[in-house]
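The structure under discussion appears below in the form of C-alpha cells.
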Amino acid sequence: MTEAVPNGFVLEEPSFQAHKIPFVTSNDSRKTLSFGESNLRGRLDFSLDFVRWRPSFHLVAPYGWLNDPCGPGYDPLTRKYHLAFQWNPNGNDWGGISWGHATSSDLVSWKTSPVPCLTPSTPYDHCGVFTGCFRPTNIDGKQDGALTYIYTSVDRLPIHYTLPYVRGSETLSIAVSHDEGETWERQPCNPILPGSPSHLKVTGWRDPFIASRSPHLSLTSGDSSTDALHGFISGGIAEQTPTVFAYRINASDLSDWRYIGPLIDVGLNLRPSRWSGDFGVNWEVVNFMTLTDNDGTSRHFVIMGTEGCLPQSNASDAQTECQGIAKDKRIPRSQLWMSVISRESPKDLRNGSLSNEPLMQFAFAGIFDHGCLYACNSFWDPISGQRVVFGWITEEDLSDNLRHRQNWSGLISLPRITRLTTMHKVKRARSTCDLGCITSIEATSDCDGTYTVRTLGIFPDPRLEILRTRAHKTDLPSRTEITLRQSDKVITTFDHDQHEPSLPLTTSRWELKVEIVVGRHCSRVGLAIGHDPDFNWQTILYWDPVQETFYVERPQITFPITDDMCLGIGEDPAASSKQLSRRVNHAPEVAPHTLFTFRSTVAKSRTNVEEIGVEEDEEEEPLRIHAFYDTSVLEVFVNDRTAISTRIFIPDSLPPWTEKGSNNGNEHRTDDASTAPTRRCYGVRFFARGSLSPATDNASKPSIATVNRATVWDGLELPET
C-alpha cells in the first residue's frame with residue numbers, strides 16, 4: 001500500500017534512533033536480542049512506554065512501524081502458516097518498508113523473526129517492499145518444499161492517489177524461499193511486470209493477489225484456458241473509478257502475468273447507502289474470492305481498502321454530534337467489501353486486444369470493518385476449509401508524540417472467518433421497512449411474504465478458543481431480565497441502586513459472548529466495560545433499534561497535565577487540557593446494524609409476543625455480541641456480520657494502574673519493565689433504556705430486554721510452547 005500522508009506532503013526517510021530490540025515470542029516472553037546488522041544500531045530502552053498499550057495475544061512487530069499483513073498462507077509440507085507484514089525496522093514512522101515474517105501452527109501463537117525477511121535492497125525495490133501474496137510452491141507451480149512471495153517492488157516515491165502517478169514507480173517481483181521461509185531469494189526475472197497497463201492513466205497499481213481460476217471470470221474475459229490462475233492488482237483509473245486490474249497467470253510459471261482488464265467500474269466515491277460505505281477513488285489490497293453457503297449457493301466477493309473517502313458523520317444523538325465520529329478523525333479510507341456478478345454482455349479478449357470495459361458489475365456491498373482496521377489480506381485455509389482474513393489495526397487514534405514514545409505502531413488483527421451467510425424466511429428488519437434499502441444484503445422474494453437474505457458473514461476464527469485454556473470463565477444466569485430505565489439519555493455513570501446484571505473482570509485480556517433478546521419498547525441496549533472500580537471511565541457497546549445502529553463509545557479522557565508521558569520534548573507543561581485531549585481520538589465508532597424477523601415454525605406464548613413485539617408465527621433474532629479485548633485493542637463482532645475494531649488508550653493516572661502483587665490499589669509508576677504496573681478492567685454491566693406509557697403498572701410492565709446467555713473468559717493467554 002502507499003504511504004498515508006496529507007496531500008502534497010513528501011515523506012523522507014526517518015532518522016534512525018538508537019534502540020535495543022525486544023523480541024516478543026509466541027508465549028509473550030520478552031527477550032533482548034543483539035544484532036550486528038548496520039541497520040540495527042544502538043539500543044532501545046525497554047520501558048513502561050513500550051509495554052503500556054502493547055497487546056499480549058495479537059501479532060505485533062518486534063518494534064517500530066507495522067502496517068499491511070502480507071502473504072498469508074499455509075504450507076502443507078511443513079504444516080505451518082506463514083504471515084508477513086510491512087515493517088519499518090529502522091523507525092516508528094512509515095518509511096523504508098521491509099517485510100517482517102511470522103509462522104504459526106494454529107494461527108493463534110506466532111513465532112516472529114527479529115529481522116526482516118525482505119528489505120528494500122535492489123534498484124527496483126530500493127524505495128520499499130510493498131504488499132504481496134504467498135504461494136506454497138516454487139515459481140513453476142510445483143510443491144517441492146519451496147515457497148514463493150509475489151510482491152510490489154517500489155523504486156520511486158512519493159506515491160499517493162492525490163498525486164500524478166508515474167508509471168514504473170511500482171513493479172511486480174518474486175522472491176523464493178528454500179528453507180521454510182527463513183531466507184528469501186529474489187529471482188533473476190524481476191521485475192516480472194514493469195508497471196501498470198500502458199494504455200491507462202492510473203491512480204495506483206500495487207498489492208498483487210492470486211486466486212484460483214474462476215469459471216465465471218474466465219467466461220467474462222473470454223479466457224478458455226484451464227491451466228491458469230487469476231491475478232489481481234489494486235488501484236484505480238484516474239478521474240474514472242477505483243478498481244482492481246485482472247490478469248491471467250500461467251499456473252506453471254508464476255512470472256507470466258497477462259492483462260485481462262479492469263474488474264469493475266463503479267465511478268468515483270460510490271456510496272449506495274450508509275450500509276455500504278464510500279468506495280473512494282483508489283483501492284488497495286483487493287482480494288477476490290468465491291464463497292459458498294451451507295446450501296451450496298455461491299457468490300463472488302472482493303474485499304478492498306478504499307482511499308479518498310468523503311466524511312460521513314451522520315450522528316443520531318446529541319453526544320455523538322458533539323464528539324463527531326471516530327472515522328472522520330482518521331485518514332479518509334475504509335475497509336469494505338462488494339459482491340460482484342458477471343456482466344450481461346461479456347467481452348472477448350482472446351484476440352489479445354485491450355479494453356477499458358469492466359469484466360464484472362456491482363451487486364451489493366457492505367463495510368468489512370467499521371473501526372480502525374485496514375488493508376485486509378486473506379487466504380483459503382485447507383485445514384479449516386474456510387477463508388481466513390487478517391487486517392492491520394492502526395495506531396492513528398494515538399498522537400504522534402505518544403506513539404513515538406512507545407517505539408512501536410500498529411498490529412495485526414485476530415484471524416477472522418468470512419463466508420456467505422444465508423438467512424431464510426426473513427420477513428423484515430427491525431426499523432427499515434423496505435429490505436431493498438439495506439444495500440449490504442441480497443434479498444430475494446420467496447413469493448410467500450418472506451425473503452431469502454444473503455450477505456457477507458464475518459466472525460472470529462474458532463481456533464481462538466485456545467486462548468481460554470487458563471482463563472477464568474463466568475456465566476450470567478440465563479434469561480436475566482435487564483432493569484428498565486425510563487430514559488433515552490446516554491449513560492454517564494451507573495446507578496448502583498439499579499442493580500444492573502454484571503460479570504466480573506480482573507484483567508485486560510478477555511473474551512465476551514452475549515445474546516440479548518431485545519424488546520419492542522427498547523431504545524438502547526448493551527453493556528459497559530469499567531476501566532475503574534466505580535465505572536467512571538467506561539467503554540460502552542450498545543445497539544439503538546430505532547436508528548438501527550451499533551455504537552462503541554470509548555471513555556472521553558483528558559490526559560493529566562502532570563503526567564510526563566503526555567508531554568513531548570520541549571513542550572510547555574502549561575499547555576491547555578484541550579490540546580492534550582486531542583492526543584487521543586476516543587470519538588465513538590458507529591456501525592449500521594439491524595436485526596431480522598423470521599417466520600417461525602414454533603408457536604410462542606402470548607407473553608413472549610408482548611415482550612418482543614412480533615406476531616405469533618414470527619421470531620426476531622437476538623442481538624449477539626462477541627468481543628475480544630487485549631490491553632488496548634477491542635475487536636467486536638455483532639451477529640457474525642458486523643465487525644468493529646478499535647483502540648482504547650487509558651492513561652497512567654486512572655485507577656487501573658496498580659503495581660504487580662499489590663493489594664492496596666495505590667498508583668505506582670516505574671520505568672523498570674520487570675515491575676511495570678498491570679492494567680486491568682473491572683467488570684461488565686448490562687443495561688437497557690426505553691420508554692413506556694405512564695399508565696403501565698409494574699405488574700404488567702413488559703421486559704425491556706433479556707440476556708439469554710452471557711459468558712466472559714477473563715485472563716486470556718497464549719498457550720505455552
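Every chain in the C-alpha cells takes a letter, A first, then B, and so on in the order presented; its residues are numbered from 1, and the ligands are numbered from 1 following the presented order.
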* Those in region 272-498 of chain A with strand (DSSP E) from DSSP, as a PyMOL selection string -> chain A and resi 282-292+298-307+333-342+360-369+373-381+386-393+408-409+411-412+416-429+442-445+451-460+472-476+480-481+484-486
* **Selection near Leu398 (chain A), 10 Å with only C-alpha atoms, sequence-local residues under 4 positions removed, as a list of chain:residue names** => A:Thr394, A:Leu402, A:Arg403, A:His404, A:Ser409, A:Arg582, A:Arg583, A:Val584, A:Asn585, A:His586, A:Arg647, A:Ile648, A:Phe649
Can you tell me, as a tab-separated table (two decimals) with all heavy atoms, in the first residue's frame, what residues are no more than 9 Å from Arg333 (chain A) when counting only C-alpha atoms, ignoring any on the same chain fewer than 6 positions away?
```tsv
chain	number	residue	atom	x	y	z
A	278	ASP	N	-18.33	4.27	1.50
A	278	ASP	CA	-17.86	5.07	0.38
A	278	ASP	C	-16.70	4.33	-0.29
A	278	ASP	O	-15.68	4.06	0.36
A	278	ASP	CB	-17.40	6.44	0.90
A	278	ASP	CG	-16.92	7.38	-0.18
A	278	ASP	OD1	-16.57	6.92	-1.27
A	278	ASP	OD2	-16.86	8.60	0.08
A	279	PHE	N	-16.84	4.03	-1.58
A	279	PHE	CA	-15.84	3.24	-2.27
A	279	PHE	C	-14.68	4.06	-2.83
A	279	PHE	O	-13.82	3.53	-3.54
A	279	PHE	CB	-16.51	2.39	-3.35
A	279	PHE	CG	-17.22	1.19	-2.77
A	279	PHE	CD1	-18.52	1.30	-2.32
A	279	PHE	CD2	-16.55	-0.01	-2.61
A	279	PHE	CE1	-19.17	0.22	-1.75
A	279	PHE	CE2	-17.18	-1.09	-2.03
A	279	PHE	CZ	-18.50	-0.99	-1.59
A	280	GLY	N	-14.62	5.35	-2.49
A	280	GLY	CA	-13.44	6.14	-2.70
A	280	GLY	C	-13.02	6.32	-4.15
A	280	GLY	O	-13.82	6.20	-5.09
A	305	GLY	N	-9.42	-2.19	0.56
A	305	GLY	CA	-9.23	-0.94	1.26
A	305	GLY	C	-9.50	0.20	0.29
A	305	GLY	O	-8.99	0.19	-0.83
A	306	THR	N	-10.35	1.14	0.69
A	306	THR	CA	-10.72	2.23	-0.21
A	306	THR	C	-10.10	3.54	0.28
A	306	THR	O	-10.23	3.89	1.45
A	306	THR	CB	-12.24	2.37	-0.32
A	306	THR	OG1	-12.78	2.78	0.94
A	306	THR	CG2	-12.87	1.04	-0.72
A	307	GLU	N	-9.45	4.26	-0.62
A	307	GLU	CA	-8.83	5.55	-0.31
A	307	GLU	C	-9.65	6.69	-0.90
A	307	GLU	O	-10.31	6.53	-1.92
A	307	GLU	CB	-7.42	5.62	-0.90
A	307	GLU	CG	-6.41	4.71	-0.25
A	307	GLU	CD	-5.01	5.00	-0.76
A	307	GLU	OE1	-4.79	4.85	-1.99
A	307	GLU	OE2	-4.14	5.38	0.04
A	308	GLY	N	-9.56	7.84	-0.24
A	308	GLY	CA	-10.23	9.03	-0.76
A	308	GLY	C	-11.70	9.09	-0.41
A	308	GLY	O	-12.50	9.69	-1.14
A	309	CYS	N	-12.08	8.48	0.72
A	309	CYS	CA	-13.49	8.50	1.14
A	309	CYS	C	-13.86	9.89	1.65
A	309	CYS	O	-13.03	10.61	2.21
A	309	CYS	CB	-13.72	7.47	2.24
A	309	CYS	SG	-13.27	5.79	1.77
A	310	LEU	N	-15.12	10.25	1.47
A	310	LEU	CA	-15.62	11.55	1.94
A	310	LEU	C	-16.13	11.42	3.37
A	310	LEU	O	-16.60	10.36	3.78
A	310	LEU	CB	-16.73	12.04	1.01
A	310	LEU	CG	-16.36	12.19	-0.46
A	310	LEU	CD1	-17.59	12.59	-1.28
A	310	LEU	CD2	-15.24	13.21	-0.62
A	327	LYS	N	-14.28	7.78	12.76
A	327	LYS	CA	-13.84	7.62	11.38
A	327	LYS	C	-13.47	8.95	10.74
A	327	LYS	O	-12.50	9.03	9.98
A	327	LYS	CB	-14.95	6.94	10.58
A	327	LYS	CG	-14.57	6.59	9.16
A	327	LYS	CD	-15.71	5.85	8.48
A	327	LYS	CE	-15.32	5.45	7.08
A	327	LYS	NZ	-14.18	4.52	7.06
A	374	TYR	N	-7.72	-1.96	8.53
A	374	TYR	CA	-7.48	-1.61	7.13
A	374	TYR	C	-6.56	-2.65	6.50
A	374	TYR	O	-5.90	-3.44	7.19
A	374	TYR	CB	-6.87	-0.21	7.02
A	374	TYR	CG	-6.81	0.34	5.62
A	374	TYR	CD1	-7.96	0.68	4.93
A	374	TYR	CD2	-5.58	0.52	4.97
A	374	TYR	CE1	-7.91	1.19	3.64
A	374	TYR	CE2	-5.52	1.02	3.68
A	374	TYR	CZ	-6.69	1.35	3.01
A	374	TYR	OH	-6.64	1.84	1.73
```
* To do: Excluding region 589-600 of chain A and residues on its chain fewer than 4 positions from it, collect all residues at most 9 Å away from it, counting only C-alpha atoms, and give them as a ChimeraX atom specification.
  => /A:274-275,315,325-327,367,369-371,423-432,450,543-545,547-554,614,616-623,638-639,641-646
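Look at Arg167 (chain A): the protein and nucleic acid residues within 12 Å of it, using only C-alpha atoms and passing over chain neighbours fewer than 6 places away, are Val154, Asp155, Arg156, Leu157, Ile159, Leu193, Pro194, Gly195, Ser196, Pro197, Ser198, His199, Leu200, Lys201, Val202, Thr203, Gly204, Trp205 and Arg206 of chain A.
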* **Shell around Asp106 (chain A) at 12 Å using only C-alpha atoms, local window under 3 positions removed, as a ChimeraX atom specification** => /A:26,73-74,79-83,103,109-111,381,383-384,414-415,461-467,718-719,721
* Structure fact -> Counting only C-alpha atoms, the residue among A:Arg509, A:Arg135, A:Arg271, A:Arg679 that lies closest to Gly715 (chain A) is A:Arg509
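Of the listed residues A:Trp184, A:Trp65, A:Tyr682, A:Phe301, the one whose atoms come nearest to Glu396 (chain A) is A:Trp65, with distances taken using only C-alpha atoms.
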